[in-house]
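Report on the structure given below.
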Number of protein chains: 2
Amino acid sequence: MAVTIKDVAKQAGVSPATVSRVIADNPRISSKTKVKVREVMEGLGYYPNFQARNLVAKKSQTLGVVMENSATLAFQNPFFPEVLRGISTRAHGSQYGLYLSTGATQEEIYSEVVEMAQGRRVDGIILLYSKIGDPVMEYLSKSGLPFSVVGRPFKDPCSISYVDNDNINNTKETVEYLIGLGHRHIAFVGGAVDFVVSLDRLEGYKQTLAQHGIPFDEAYTANQELMGGNEREAIRRLMALEVPPTAIVTHDDMVAYEVIGYLEDLKIQVPEDVSIIGFNNHAISRHLKPPLSTVDISIYDLGLHAAELVLEKITDESVPPKQVIVSSRLIERGSCRRL
Amino acid sequence: MAVTIKDVAKQAGVSPATVSRVIADNPRISSKTKVKVREVMEGLGYYPNFQARNLVAKKSQTLGVVMENSATLAFQNPFFPEVLRGISTRAHGSQYGLYLSTGATQEEIYSEVVEMAQGRRVDGIILLYSKIGDPVMEYLSKSGLPFSVVGRPFKDPCSISYVDNDNINNTKETVEYLIGLGHRHIAFVGGAVDFVVSLDRLEGYKQTLAQHGIPFDEAYTANQELMGGNEREAIRRLMALEVPPTAIVTHDDMVAYEVIGYLEDLKIQVPEDVSIIGFNNHAISRHLKPPLSTVDISIYDLGLHAAELVLEKITDESVPPKQVIVSSRLIERGSCRRL
């Protein structure tokens, strides 16, 4: 039924071994023969066995994409499909496919990455997160497999290819903006504390307060992962402070809208009573009420660059590690009010 | 540097050929030998070359996931990550990885699918959409490769394994609900007309009107893809009808919120002036304003079942095609008003 290598050889008037060498793009075969054999392959509808071909070429034409271990959260945040869209576009440009990790725990993800690397299932890996003390990143650093990271590595960032926003400065800009509107009591609702992006954002928040002579008070911060835990209570506590915040910086638009919901349950209106600002500028945010002021972090570009970095490394192992900073941009909409 | 098959053979006291057979899970090797060799492999940290192993086992332990060709839209709709989450969970349960198509045009996707199938890059494919006259589905039907579809195939649905909602009946329930609230002029904003789900939803809409003696009028429907085209104008035209609709059924929550935005620009309030209902119950919809009445179509379960169907077929080719209907459920929130 299926067309075989012998059929191709016969019609092209060459030996089956020559066809194999054309498939493996062996430099000892002339361009003329390659063109002819490929024409016959196409004419007959012959597709070389992918695994056999890759075994010869030592390539899989596949990039591994590794998500953080909290699978539900990772999938539900609009960050994931948008960064994947950027990766997919760039990968497709080099005829690369994507292989997704499916592990739900850190241990499972670790084994998957080891299997991807040692089993040569993929030619390179994109890590979609940067966590403190992450064994996956440590393993990749030692493995010799090309990889890139979305987010700044905590340890030896200059030895690793990564793409990130300047999260200290974009948070500074955000807090400056609120201070400019007359706010002095500004709360900060960050992500999980073991993510480097959370550290950077908190640092940007602290630096801005210090520059404006506003004392940092931990009671004005919340750092647990807000999508799953007891976030309603955290917001209630925040608003029950002796001097409650007049503005809240959140680490993600989705979190901002959840917070707005909790505030409304407490009969607190946004932006009338409290200003709120998001991060990530998800596609839907401009359509919602209130339209959210937020920071566009160019998620699609983060994905594009992450794919570019790892593909570069695959093409040329000797390329030194690169760091790409993607710009972000404050977007003023209707969720912040001048005091 | 890397541990080789010879190292394993030496330490296990067997021949390298025996180690290869253990890797390929050859039934001629005793369980005792298999256990011993695997222990040594684990002890030494040896991972068999994935492609070599699969070439022998004729398996890739990978499922292909194929998205519709409008890549931007496909990624940006929250349907995609949620169905992928269901697929990923089930695939992971059988130690399967996922391989994502990255093609942006129908031609590119077609070539990718052919390469996946003929190159044995994947053991089976999940098609995330069902379109009329889709060459990809036609190819898969003939290829012999196990596959499943999210959505009812237009042609010979009983010959193909698929998972779907009952889209005629869930739309009927939705329109019934609005009629029960006193609405008679109900508009219908559907998806792209070449998708089977769009046909089914329109059919449910028409059937309900007929049952209630309300004449069907095409002017009350919009069928273009709303996320990209001239949707603002379509909504303006709808509301400029001599008797404008008092309620609008939309095919997706994201579309519903876009429509609400356009209505507001026309100074038309939801639900005061117009009731609106969504589909798909995206995670964010309950937090938004107005909280959207919608239909929960169990997207995660659609993904789970799609993976289950294709894995079943991979394990046992002789399994007859199966059709799974996943339940959906109307969720009343604040976007519809009794007349």
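By convention in this document, the chains of the structure tokens carry letters A, B, ... by their order, each chain's residues are numbered from 1, and ligands are numbered from 1 in the order they are shown.
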Which of stretch 171-271 of chain A counts as strand (DSSP E or B) under DSSP, as a PDB file with N, CA and C atoms, in the first residue's frame please?
ATOM      1  N   ILE A 186      -0.535  52.304  48.555  1.00  0.00           N
ATOM      2  CA  ILE A 186      -0.657  51.451  47.377  1.00  0.00           C
ATOM      3  C   ILE A 186      -0.350  50.013  47.781  1.00  0.00           C
ATOM      4  N   ALA A 187      -1.312  49.129  47.556  1.00  0.00           N
ATOM      5  CA  ALA A 187      -1.086  47.713  47.890  1.00  0.00           C
ATOM      6  C   ALA A 187      -0.490  46.998  46.693  1.00  0.00           C
ATOM      7  N   PHE A 188       0.146  45.874  46.973  1.00  0.00           N
ATOM      8  CA  PHE A 188       0.809  45.104  45.927  1.00  0.00           C
ATOM      9  C   PHE A 188       0.397  43.638  46.057  1.00  0.00           C
ATOM     10  N   VAL A 189      -0.264  43.125  45.043  1.00  0.00           N
ATOM     11  CA  VAL A 189      -0.700  41.734  45.052  1.00  0.00           C
ATOM     12  C   VAL A 189       0.133  40.984  44.015  1.00  0.00           C
ATOM     13  N   PHE A 195       8.804  32.475  42.022  1.00  0.00           N
ATOM     14  CA  PHE A 195       9.048  32.872  40.640  1.00  0.00           C
ATOM     15  C   PHE A 195       9.866  34.157  40.618  1.00  0.00           C
ATOM     16  N   THR A 221       0.987  44.131  51.242  1.00  0.00           N
ATOM     17  CA  THR A 221       1.322  43.206  50.151  1.00  0.00           C
ATOM     18  C   THR A 221       0.650  41.853  50.357  1.00  0.00           C
ATOM     19  N   ALA A 222       0.382  41.188  49.272  1.00  0.00           N
ATOM     20  CA  ALA A 222      -0.125  39.813  49.312  1.00  0.00           C
ATOM     21  C   ALA A 222       0.673  39.044  48.274  1.00  0.00           C
ATOM     22  N   ALA A 247      -5.157  52.275  46.191  1.00  0.00           N
ATOM     23  CA  ALA A 247      -4.796  51.710  44.886  1.00  0.00           C
ATOM     24  C   ALA A 247      -4.162  50.340  45.095  1.00  0.00           C
ATOM     25  N   ILE A 248      -4.371  49.446  44.133  1.00  0.00           N
ATOM     26  CA  ILE A 248      -3.803  48.095  44.214  1.00  0.00           C
ATOM     27  C   ILE A 248      -3.131  47.767  42.885  1.00  0.00           C
ATOM     28  N   VAL A 249      -1.882  47.331  42.977  1.00  0.00           N
ATOM     29  CA  VAL A 249      -1.168  46.824  41.804  1.00  0.00           C
ATOM     30  C   VAL A 249      -1.264  45.299  41.847  1.00  0.00           C
ATOM     31  N   THR A 250      -1.746  44.690  40.777  1.00  0.00           N
ATOM     32  CA  THR A 250      -1.836  43.225  40.749  1.00  0.00           C
ATOM     33  C   THR A 250      -0.909  42.685  39.662  1.00  0.00           C
TER      34      THR A 250
END
Next on the checklist: Would you pick out the contacts of A:Ser293 at 7 Å or less, using only C-alpha atoms, so that residues sharing its chain but fewer than 4 positions from it are not included, and give the list as a ChimeraX atom specification?
Outcome noted: /A:277-278,331-336
Item to check | Separation of atom CA of B:Asp273 from atom CA of B:Glu242 in Å | outcome: 15.4 Å
Item to check | Residue contacts of A:Arg152 (12 Å, only C-alpha atoms) excluding same-chain residues fewer than 2 positions away, as an MDAnalysis selection string | outcome: chainID A and resid 127:132 137 148:150 154:168 195:200 302 306 322:326
Quick one: write out the picked residues with N, CA and C atoms as a compact mmCIF listing (two decimals), in the first residue's frame?
# COMPACT_ATOMS: atom_id res chain seq x y z
N LEU A 127 11.76 26.79 28.21
CA LEU A 127 11.20 26.73 29.55
C LEU A 127 10.34 27.98 29.72
N LEU A 128 9.04 27.79 30.01
CA LEU A 128 8.13 28.94 30.02
C LEU A 128 8.12 29.71 31.34
N TYR A 129 9.02 29.38 32.25
CA TYR A 129 9.00 30.05 33.56
C TYR A 129 10.40 30.03 34.14
N SER A 130 10.64 30.90 35.09
CA SER A 130 11.91 30.86 35.81
C SER A 130 11.63 30.89 37.30
N LYS A 131 12.01 29.82 37.96
CA LYS A 131 11.73 29.63 39.37
C LYS A 131 13.04 29.51 40.14
N ILE A 132 13.01 29.92 41.38
CA ILE A 132 14.21 29.81 42.22
C ILE A 132 14.46 28.34 42.55
N MET A 137 15.79 23.58 35.39
CA MET A 137 16.75 24.50 34.77
C MET A 137 18.18 24.06 35.07
N SER A 148 16.15 27.67 25.99
CA SER A 148 15.97 29.08 26.32
C SER A 148 14.87 29.18 27.37
N VAL A 149 14.82 30.34 28.03
CA VAL A 149 13.89 30.51 29.14
C VAL A 149 13.07 31.78 28.91
N VAL A 150 11.78 31.72 29.20
CA VAL A 150 10.97 32.93 29.26
C VAL A 150 10.99 33.37 30.72
N PHE A 154 17.40 32.79 37.93
CA PHE A 154 17.79 33.33 39.23
C PHE A 154 19.30 33.25 39.41
N LYS A 155 19.87 32.12 38.98
CA LYS A 155 21.31 31.88 39.15
C LYS A 155 22.01 32.06 37.81
N ASP A 156 23.15 32.73 37.80
CA ASP A 156 23.98 32.89 36.59
C ASP A 156 23.17 33.26 35.35
N PRO A 157 22.39 34.32 35.40
CA PRO A 157 21.53 34.62 34.25
C PRO A 157 22.32 34.81 32.96
N CYS A 158 23.58 35.28 33.08
CA CYS A 158 24.32 35.56 31.84
C CYS A 158 24.82 34.30 31.15
N SER A 159 24.73 33.16 31.82
CA SER A 159 25.21 31.92 31.19
C SER A 159 24.08 31.20 30.46
N ILE A 160 22.88 31.80 30.46
CA ILE A 160 21.69 31.14 29.90
C ILE A 160 21.00 32.08 28.92
N SER A 161 20.51 31.55 27.81
CA SER A 161 19.75 32.37 26.86
C SER A 161 18.32 32.54 27.37
N TYR A 162 17.92 33.78 27.56
CA TYR A 162 16.55 34.00 28.03
C TYR A 162 15.97 35.27 27.45
N VAL A 163 14.65 35.35 27.52
CA VAL A 163 13.94 36.56 27.12
C VAL A 163 13.06 36.97 28.30
N ASP A 164 13.01 38.25 28.55
CA ASP A 164 12.23 38.71 29.70
C ASP A 164 11.82 40.15 29.46
N ASN A 165 10.89 40.63 30.25
CA ASN A 165 10.66 42.06 30.34
C ASN A 165 11.59 42.61 31.42
N ASP A 166 11.71 43.93 31.47
CA ASP A 166 12.40 44.53 32.60
C ASP A 166 11.35 44.71 33.69
N ASN A 167 11.20 43.69 34.52
CA ASN A 167 10.07 43.67 35.46
C ASN A 167 10.24 44.59 36.65
N ILE A 168 11.48 44.94 36.95
CA ILE A 168 11.68 45.93 38.01
C ILE A 168 11.19 47.28 37.50
N PHE A 195 8.80 32.47 42.02
CA PHE A 195 9.05 32.87 40.64
C PHE A 195 9.87 34.16 40.62
N VAL A 196 10.85 34.19 39.75
CA VAL A 196 11.75 35.34 39.70
C VAL A 196 10.99 36.61 39.33
N VAL A 197 9.98 36.47 38.46
CA VAL A 197 9.20 37.64 38.06
C VAL A 197 8.51 38.27 39.28
N SER A 198 8.08 37.45 40.23
CA SER A 198 7.44 37.98 41.44
C SER A 198 8.42 38.79 42.27
N LEU A 199 9.64 38.28 42.39
CA LEU A 199 10.69 39.00 43.13
C LEU A 199 10.97 40.34 42.48
N ASP A 200 11.08 40.34 41.15
CA ASP A 200 11.42 41.56 40.43
C ASP A 200 10.32 42.61 40.58
N LEU A 302 7.61 37.70 23.50
CA LEU A 302 8.39 36.85 24.42
C LEU A 302 8.51 35.44 23.81
N ALA A 306 11.94 33.64 22.45
CA ALA A 306 12.34 32.40 23.11
C ALA A 306 12.63 31.33 22.06
N LYS A 322 22.45 34.47 25.04
CA LYS A 322 21.97 35.83 24.76
C LYS A 322 20.83 36.17 25.70
N GLN A 323 20.73 37.45 26.03
CA GLN A 323 19.63 37.91 26.85
C GLN A 323 18.84 38.95 26.06
N VAL A 324 17.56 38.72 25.92
CA VAL A 324 16.72 39.65 25.17
C VAL A 324 15.71 40.27 26.13
N ILE A 325 15.66 41.60 26.15
CA ILE A 325 14.66 42.27 26.99
C ILE A 325 13.59 42.84 26.06
N VAL A 326 12.37 42.40 26.27
CA VAL A 326 11.26 42.84 25.44
C VAL A 326 10.58 44.01 26.16
Item to check | Near-A:Val114 list (12 Å; only C-alpha atoms; drop same-chain fewer than 6 positions) as a ChimeraX atom specification | outcome: /A:64,66,101,107-108,120-122,124-125,135-145 /B:45-50
Residues of stretch 125-287 of chain B in helix (DSSP H, G or I) according to DSSP, as a compact mmCIF listing (two decimals) with N, CA, C and O atoms, in the first residue's frame?
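Printed below is selection_4.txt as written:
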# COMPACT_ATOMS: atom_id res chain seq x y z
N PRO B 135 -10.23 18.84 3.92
CA PRO B 135 -9.35 17.82 3.35
C PRO B 135 -8.55 17.07 4.41
O PRO B 135 -8.17 15.93 4.20
N VAL B 136 -8.29 17.73 5.55
CA VAL B 136 -7.52 17.06 6.61
C VAL B 136 -8.31 15.87 7.14
O VAL B 136 -7.78 14.76 7.27
N MET B 137 -9.60 16.08 7.41
CA MET B 137 -10.40 14.97 7.93
C MET B 137 -10.53 13.87 6.88
O MET B 137 -10.48 12.69 7.20
N GLU B 138 -10.67 14.28 5.63
CA GLU B 138 -10.77 13.28 4.56
C GLU B 138 -9.49 12.45 4.48
O GLU B 138 -9.53 11.23 4.36
N TYR B 139 -8.36 13.13 4.57
CA TYR B 139 -7.09 12.43 4.53
C TYR B 139 -6.98 11.44 5.71
O TYR B 139 -6.61 10.28 5.52
N LEU B 140 -7.33 11.92 6.89
CA LEU B 140 -7.21 11.07 8.07
C LEU B 140 -8.11 9.84 7.95
O LEU B 140 -7.73 8.73 8.33
N SER B 141 -9.31 10.04 7.42
CA SER B 141 -10.25 8.92 7.27
C SER B 141 -9.65 7.81 6.41
O SER B 141 -9.89 6.64 6.64
N LYS B 142 -8.86 8.21 5.41
CA LYS B 142 -8.27 7.21 4.52
C LYS B 142 -6.93 6.68 5.00
O LYS B 142 -6.47 5.64 4.56
N SER B 143 -6.28 7.43 5.89
CA SER B 143 -4.89 7.13 6.24
C SER B 143 -4.72 5.86 7.07
O SER B 143 -3.65 5.26 7.07
N PRO B 157 -20.70 10.72 10.07
CA PRO B 157 -20.22 10.89 11.45
C PRO B 157 -20.06 9.56 12.18
O PRO B 157 -19.20 9.44 13.04
N CYS B 158 -20.86 8.55 11.80
CA CYS B 158 -20.79 7.29 12.56
C CYS B 158 -19.56 6.47 12.24
O CYS B 158 -19.25 5.50 12.92
N SER B 159 -18.83 6.86 11.19
CA SER B 159 -17.63 6.10 10.84
C SER B 159 -16.39 6.69 11.50
O SER B 159 -15.28 6.21 11.29
N ASN B 167 -25.25 20.25 20.18
CA ASN B 167 -25.32 21.69 19.93
C ASN B 167 -26.67 22.17 19.43
O ASN B 167 -26.99 23.35 19.55
N ILE B 168 -27.45 21.27 18.86
CA ILE B 168 -28.81 21.66 18.50
C ILE B 168 -29.61 21.87 19.77
O ILE B 168 -30.23 22.92 19.97
N ASN B 169 -29.54 20.91 20.66
CA ASN B 169 -30.37 20.99 21.86
C ASN B 169 -29.90 22.04 22.87
O ASN B 169 -30.72 22.66 23.53
N ASN B 170 -28.59 22.24 22.98
CA ASN B 170 -28.19 23.27 23.95
C ASN B 170 -28.55 24.67 23.44
O ASN B 170 -28.83 25.57 24.24
N THR B 171 -28.58 24.84 22.13
CA THR B 171 -29.02 26.13 21.60
C THR B 171 -30.53 26.29 21.78
O THR B 171 -31.01 27.38 22.12
N LYS B 172 -31.24 25.19 21.58
CA LYS B 172 -32.69 25.22 21.82
C LYS B 172 -32.99 25.65 23.25
O LYS B 172 -33.84 26.52 23.50
N GLU B 173 -32.27 25.06 24.19
CA GLU B 173 -32.48 25.38 25.60
C GLU B 173 -32.24 26.87 25.86
O GLU B 173 -32.98 27.53 26.60
N THR B 174 -31.21 27.39 25.20
CA THR B 174 -30.85 28.79 25.36
C THR B 174 -31.95 29.71 24.83
O THR B 174 -32.36 30.68 25.49
N VAL B 175 -32.44 29.40 23.63
CA VAL B 175 -33.47 30.25 23.02
C VAL B 175 -34.79 30.10 23.80
O VAL B 175 -35.49 31.09 24.04
N GLU B 176 -35.09 28.88 24.23
CA GLU B 176 -36.27 28.63 25.08
C GLU B 176 -36.23 29.51 26.33
O GLU B 176 -37.23 30.08 26.75
N TYR B 177 -35.05 29.58 26.92
CA TYR B 177 -34.86 30.36 28.14
C TYR B 177 -35.22 31.83 27.88
O TYR B 177 -35.94 32.46 28.66
N LEU B 178 -34.75 32.36 26.75
CA LEU B 178 -35.03 33.76 26.42
C LEU B 178 -36.51 33.96 26.12
O LEU B 178 -37.12 34.96 26.54
N ILE B 179 -37.11 33.00 25.41
CA ILE B 179 -38.55 33.09 25.13
C ILE B 179 -39.33 33.05 26.45
O ILE B 179 -40.28 33.80 26.66
N GLY B 180 -38.85 32.21 27.36
CA GLY B 180 -39.48 32.13 28.70
C GLY B 180 -39.41 33.45 29.46
O GLY B 180 -40.26 33.74 30.31
N VAL B 196 -19.21 22.85 11.56
CA VAL B 196 -20.43 22.09 11.82
C VAL B 196 -21.14 22.61 13.07
O VAL B 196 -22.37 22.68 13.12
N VAL B 197 -20.37 23.03 14.07
CA VAL B 197 -20.99 23.54 15.29
C VAL B 197 -21.85 24.77 14.97
O VAL B 197 -22.93 24.95 15.56
N SER B 198 -21.43 25.59 14.01
CA SER B 198 -22.21 26.78 13.64
C SER B 198 -23.54 26.37 13.02
O SER B 198 -24.59 26.96 13.31
N LEU B 199 -23.50 25.36 12.16
CA LEU B 199 -24.73 24.85 11.54
C LEU B 199 -25.69 24.33 12.59
O LEU B 199 -26.89 24.61 12.56
N ASP B 200 -25.15 23.55 13.54
CA ASP B 200 -25.99 22.94 14.57
C ASP B 200 -26.65 24.00 15.45
O ASP B 200 -27.83 23.91 15.78
N ARG B 201 -25.88 25.01 15.79
CA ARG B 201 -26.42 26.05 16.66
C ARG B 201 -27.53 26.82 15.94
O ARG B 201 -28.58 27.12 16.51
N LEU B 202 -27.28 27.12 14.67
CA LEU B 202 -28.29 27.84 13.88
C LEU B 202 -29.56 26.99 13.76
O LEU B 202 -30.68 27.49 13.88
N GLU B 203 -29.35 25.70 13.57
CA GLU B 203 -30.48 24.77 13.46
C GLU B 203 -31.30 24.77 14.76
O GLU B 203 -32.53 24.82 14.73
N GLY B 204 -30.62 24.74 15.90
CA GLY B 204 -31.31 24.77 17.20
C GLY B 204 -32.11 26.05 17.36
O GLY B 204 -33.24 26.06 17.88
N TYR B 205 -31.53 27.14 16.91
CA TYR B 205 -32.18 28.46 16.96
C TYR B 205 -33.45 28.45 16.12
O TYR B 205 -34.54 28.79 16.58
N LYS B 206 -33.31 27.97 14.88
CA LYS B 206 -34.46 27.95 13.96
C LYS B 206 -35.57 27.05 14.50
O LYS B 206 -36.75 27.41 14.46
N GLN B 207 -35.20 25.87 14.98
CA GLN B 207 -36.21 24.91 15.46
C GLN B 207 -37.02 25.51 16.61
O GLN B 207 -38.23 25.32 16.69
N THR B 208 -36.33 26.21 17.50
CA THR B 208 -37.04 26.76 18.67
C THR B 208 -38.02 27.85 18.25
O THR B 208 -39.16 27.90 18.73
N LEU B 209 -37.56 28.73 17.35
CA LEU B 209 -38.46 29.77 16.86
C LEU B 209 -39.70 29.12 16.25
O LEU B 209 -40.85 29.51 16.57
N ALA B 210 -39.49 28.12 15.39
CA ALA B 210 -40.61 27.45 14.72
C ALA B 210 -41.58 26.86 15.74
O ALA B 210 -42.80 27.00 15.61
N GLN B 211 -41.03 26.23 16.77
CA GLN B 211 -41.89 25.62 17.79
C GLN B 211 -42.75 26.65 18.52
O GLN B 211 -43.80 26.31 19.06
N GLU B 218 -33.75 36.13 8.46
CA GLU B 218 -32.30 36.13 8.33
C GLU B 218 -31.66 37.44 8.82
O GLU B 218 -30.52 37.45 9.27
N ALA B 219 -32.42 38.53 8.73
CA ALA B 219 -31.89 39.83 9.16
C ALA B 219 -31.50 39.83 10.63
O ALA B 219 -30.70 40.65 11.08
N TYR B 220 -32.07 38.88 11.39
CA TYR B 220 -31.75 38.80 12.82
C TYR B 220 -30.53 37.91 13.11
O TYR B 220 -30.25 37.59 14.26
N GLU B 231 -17.50 43.31 12.68
CA GLU B 231 -18.56 42.92 13.61
C GLU B 231 -19.30 44.12 14.21
O GLU B 231 -20.49 44.07 14.47
N ARG B 232 -18.56 45.22 14.36
CA ARG B 232 -19.18 46.42 14.92
C ARG B 232 -20.35 46.88 14.04
O ARG B 232 -21.44 47.17 14.53
N GLU B 233 -20.09 46.85 12.71
CA GLU B 233 -21.10 47.26 11.75
C GLU B 233 -22.29 46.29 11.77
O GLU B 233 -23.46 46.70 11.69
N ALA B 234 -22.00 44.99 11.91
CA ALA B 234 -23.07 43.99 11.95
C ALA B 234 -24.00 44.24 13.14
O ALA B 234 -25.23 44.13 13.03
N ILE B 235 -23.43 44.61 14.26
CA ILE B 235 -24.24 44.86 15.46
C ILE B 235 -25.04 46.15 15.27
O ILE B 235 -26.22 46.24 15.65
N ARG B 236 -24.41 47.15 14.66
CA ARG B 236 -25.11 48.41 14.41
C ARG B 236 -26.34 48.16 13.53
O ARG B 236 -27.43 48.65 13.78
N ARG B 237 -26.13 47.34 12.47
CA ARG B 237 -27.22 47.04 11.55
C ARG B 237 -28.36 46.30 12.27
O ARG B 237 -29.54 46.59 12.07
N LEU B 238 -27.96 45.37 13.11
CA LEU B 238 -28.93 44.57 13.88
C LEU B 238 -29.82 45.49 14.73
O LEU B 238 -31.04 45.35 14.77
N MET B 239 -29.19 46.44 15.39
CA MET B 239 -29.93 47.30 16.31
C MET B 239 -30.69 48.40 15.56
O MET B 239 -31.52 49.10 16.16
N ASP B 253 -18.49 33.32 24.70
CA ASP B 253 -18.46 34.38 25.71
C ASP B 253 -17.64 35.59 25.26
O ASP B 253 -18.01 36.73 25.49
N MET B 254 -16.50 35.32 24.63
CA MET B 254 -15.63 36.43 24.21
C MET B 254 -16.36 37.31 23.19
O MET B 254 -16.27 38.53 23.23
N VAL B 255 -17.09 36.64 22.30
CA VAL B 255 -17.89 37.38 21.31
C VAL B 255 -18.97 38.17 22.04
O VAL B 255 -19.22 39.34 21.72
N ALA B 256 -19.60 37.55 23.03
CA ALA B 256 -20.65 38.24 23.79
C ALA B 256 -20.11 39.54 24.39
O ALA B 256 -20.75 40.59 24.30
N TYR B 257 -18.91 39.48 24.98
CA TYR B 257 -18.36 40.69 25.59
C TYR B 257 -17.99 41.74 24.55
O TYR B 257 -18.11 42.93 24.79
N GLU B 258 -17.53 41.28 23.39
CA GLU B 258 -17.27 42.25 22.32
C GLU B 258 -18.57 42.93 21.91
O GLU B 258 -18.63 44.15 21.74
N VAL B 259 -19.62 42.13 21.73
CA VAL B 259 -20.92 42.68 21.34
C VAL B 259 -21.40 43.67 22.40
O VAL B 259 -21.89 44.76 22.07
N ILE B 260 -21.24 43.32 23.67
CA ILE B 260 -21.66 44.23 24.75
C ILE B 260 -20.93 45.56 24.61
O ILE B 260 -21.52 46.64 24.77
N GLY B 261 -19.63 45.50 24.28
CA GLY B 261 -18.85 46.72 24.07
C GLY B 261 -19.42 47.56 22.93
O GLY B 261 -19.60 48.78 23.07
N TYR B 262 -19.74 46.92 21.82
CA TYR B 262 -20.30 47.66 20.67
C TYR B 262 -21.65 48.26 21.03
O TYR B 262 -21.97 49.39 20.63
N LEU B 263 -22.45 47.50 21.77
CA LEU B 263 -23.77 48.01 22.17
C LEU B 263 -23.61 49.24 23.04
O LEU B 263 -24.32 50.23 22.87
N GLU B 264 -22.66 49.20 23.96
CA GLU B 264 -22.46 50.34 24.85
C GLU B 264 -22.07 51.58 24.07
O GLU B 264 -22.48 52.70 24.40
N ASP B 265 -21.25 51.38 23.02
CA ASP B 265 -20.88 52.52 22.17
C ASP B 265 -22.12 53.13 21.52
O ASP B 265 -22.14 54.30 21.18
N SER B 285 -15.66 34.64 32.85
CA SER B 285 -16.97 35.26 32.60
C SER B 285 -17.77 35.56 33.87
O SER B 285 -18.50 36.53 33.93
N ARG B 286 -17.60 34.73 34.87
CA ARG B 286 -18.38 34.98 36.09
C ARG B 286 -17.89 36.22 36.82
O ARG B 286 -18.60 36.80 37.63
N HIS B 287 -16.65 36.65 36.55
CA HIS B 287 -16.11 37.81 37.25
C HIS B 287 -16.43 39.12 36.55
O HIS B 287 -16.16 40.19 37.09
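The gap separating atom CA of B:Glu82 from atom CA of A:Val65 is 17.0 Å, in Å to one decimal.
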Checklist entry - Using only C-alpha atoms, which of the listed residues (B:Phe216, B:Tyr96, B:Phe147, B:Phe279) sits closest to chain A? => result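 Of B:Phe216, B:Tyr96, B:Phe147, B:Phe279, the one nearest chain A, counting only C-alpha atoms, is B:Tyr96.
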Checklist entry - If you count only C-alpha atoms, which residues fall within 10 Å of A:Ala9, apart from same-chain ones fewer than 2 positions away, as a list in words? => result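 My list of contacting residues is Thr4, Ile5, Lys6, Asp7, Gln11, Ala12, Gly13, Val14, Ser15, Pro16, Ala17, Thr18, Val19, Ser20, Val37, Val40 and Met41 of chain A.
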Keeping N, CA and C atoms, export the residues of the selection given above as a short mmCIF file (atom, residue, chain, number, x, y, z; two decimals), in the first residue's frame.
data_model
loop_
_atom_site.label_atom_id
_atom_site.label_comp_id
_atom_site.auth_asym_id
_atom_site.auth_seq_id
_atom_site.Cartn_x
_atom_site.Cartn_y
_atom_site.Cartn_z
N THR A 4 7.34 2.79 -0.95
CA THR A 4 8.58 2.52 -0.21
C THR A 4 9.76 3.20 -0.88
N ILE A 5 10.85 3.12 -0.17
CA ILE A 5 12.10 3.71 -0.65
C ILE A 5 12.52 3.03 -1.96
N LYS A 6 12.18 1.75 -2.10
CA LYS A 6 12.55 1.00 -3.31
C LYS A 6 11.79 1.53 -4.53
N ASP A 7 10.52 1.87 -4.31
CA ASP A 7 9.74 2.44 -5.42
C ASP A 7 10.37 3.73 -5.90
N GLN A 11 12.06 4.38 -9.70
CA GLN A 11 11.60 5.41 -10.63
C GLN A 11 12.66 6.48 -10.90
N ALA A 12 13.50 6.73 -9.87
CA ALA A 12 14.53 7.76 -10.04
C ALA A 12 15.77 7.20 -10.73
N GLY A 13 15.82 5.90 -10.87
CA GLY A 13 16.99 5.28 -11.51
C GLY A 13 18.25 5.35 -10.67
N VAL A 14 18.07 5.29 -9.34
CA VAL A 14 19.24 5.27 -8.44
C VAL A 14 19.08 4.09 -7.48
N SER A 15 20.07 3.87 -6.64
CA SER A 15 19.97 2.78 -5.67
C SER A 15 19.17 3.25 -4.44
N PRO A 16 18.55 2.31 -3.72
CA PRO A 16 17.85 2.69 -2.48
C PRO A 16 18.78 3.41 -1.51
N ALA A 17 20.06 3.04 -1.48
CA ALA A 17 21.00 3.69 -0.57
C ALA A 17 21.14 5.17 -0.91
N THR A 18 21.11 5.46 -2.22
CA THR A 18 21.20 6.86 -2.63
C THR A 18 19.97 7.64 -2.16
N VAL A 19 18.82 6.99 -2.27
CA VAL A 19 17.60 7.66 -1.79
C VAL A 19 17.73 7.97 -0.30
N SER A 20 18.24 7.00 0.47
CA SER A 20 18.43 7.21 1.91
C SER A 20 19.34 8.41 2.16
N VAL A 37 15.63 13.04 -7.10
CA VAL A 37 15.04 12.08 -6.16
C VAL A 37 13.87 12.72 -5.41
N VAL A 40 10.80 12.83 -7.52
CA VAL A 40 10.15 11.51 -7.59
C VAL A 40 9.40 11.22 -6.28
N MET A 41 10.05 11.56 -5.15
CA MET A 41 9.40 11.34 -3.84
C MET A 41 8.07 12.08 -3.79
#
Item to check | Nearby residues (only C-alpha atoms) at most 9 Å from A:Glu308, same-chain spacing under 4 positions excluded, as number ranges by chain | outcome: A: 87, 90-91, 148, 303-304, 312-313
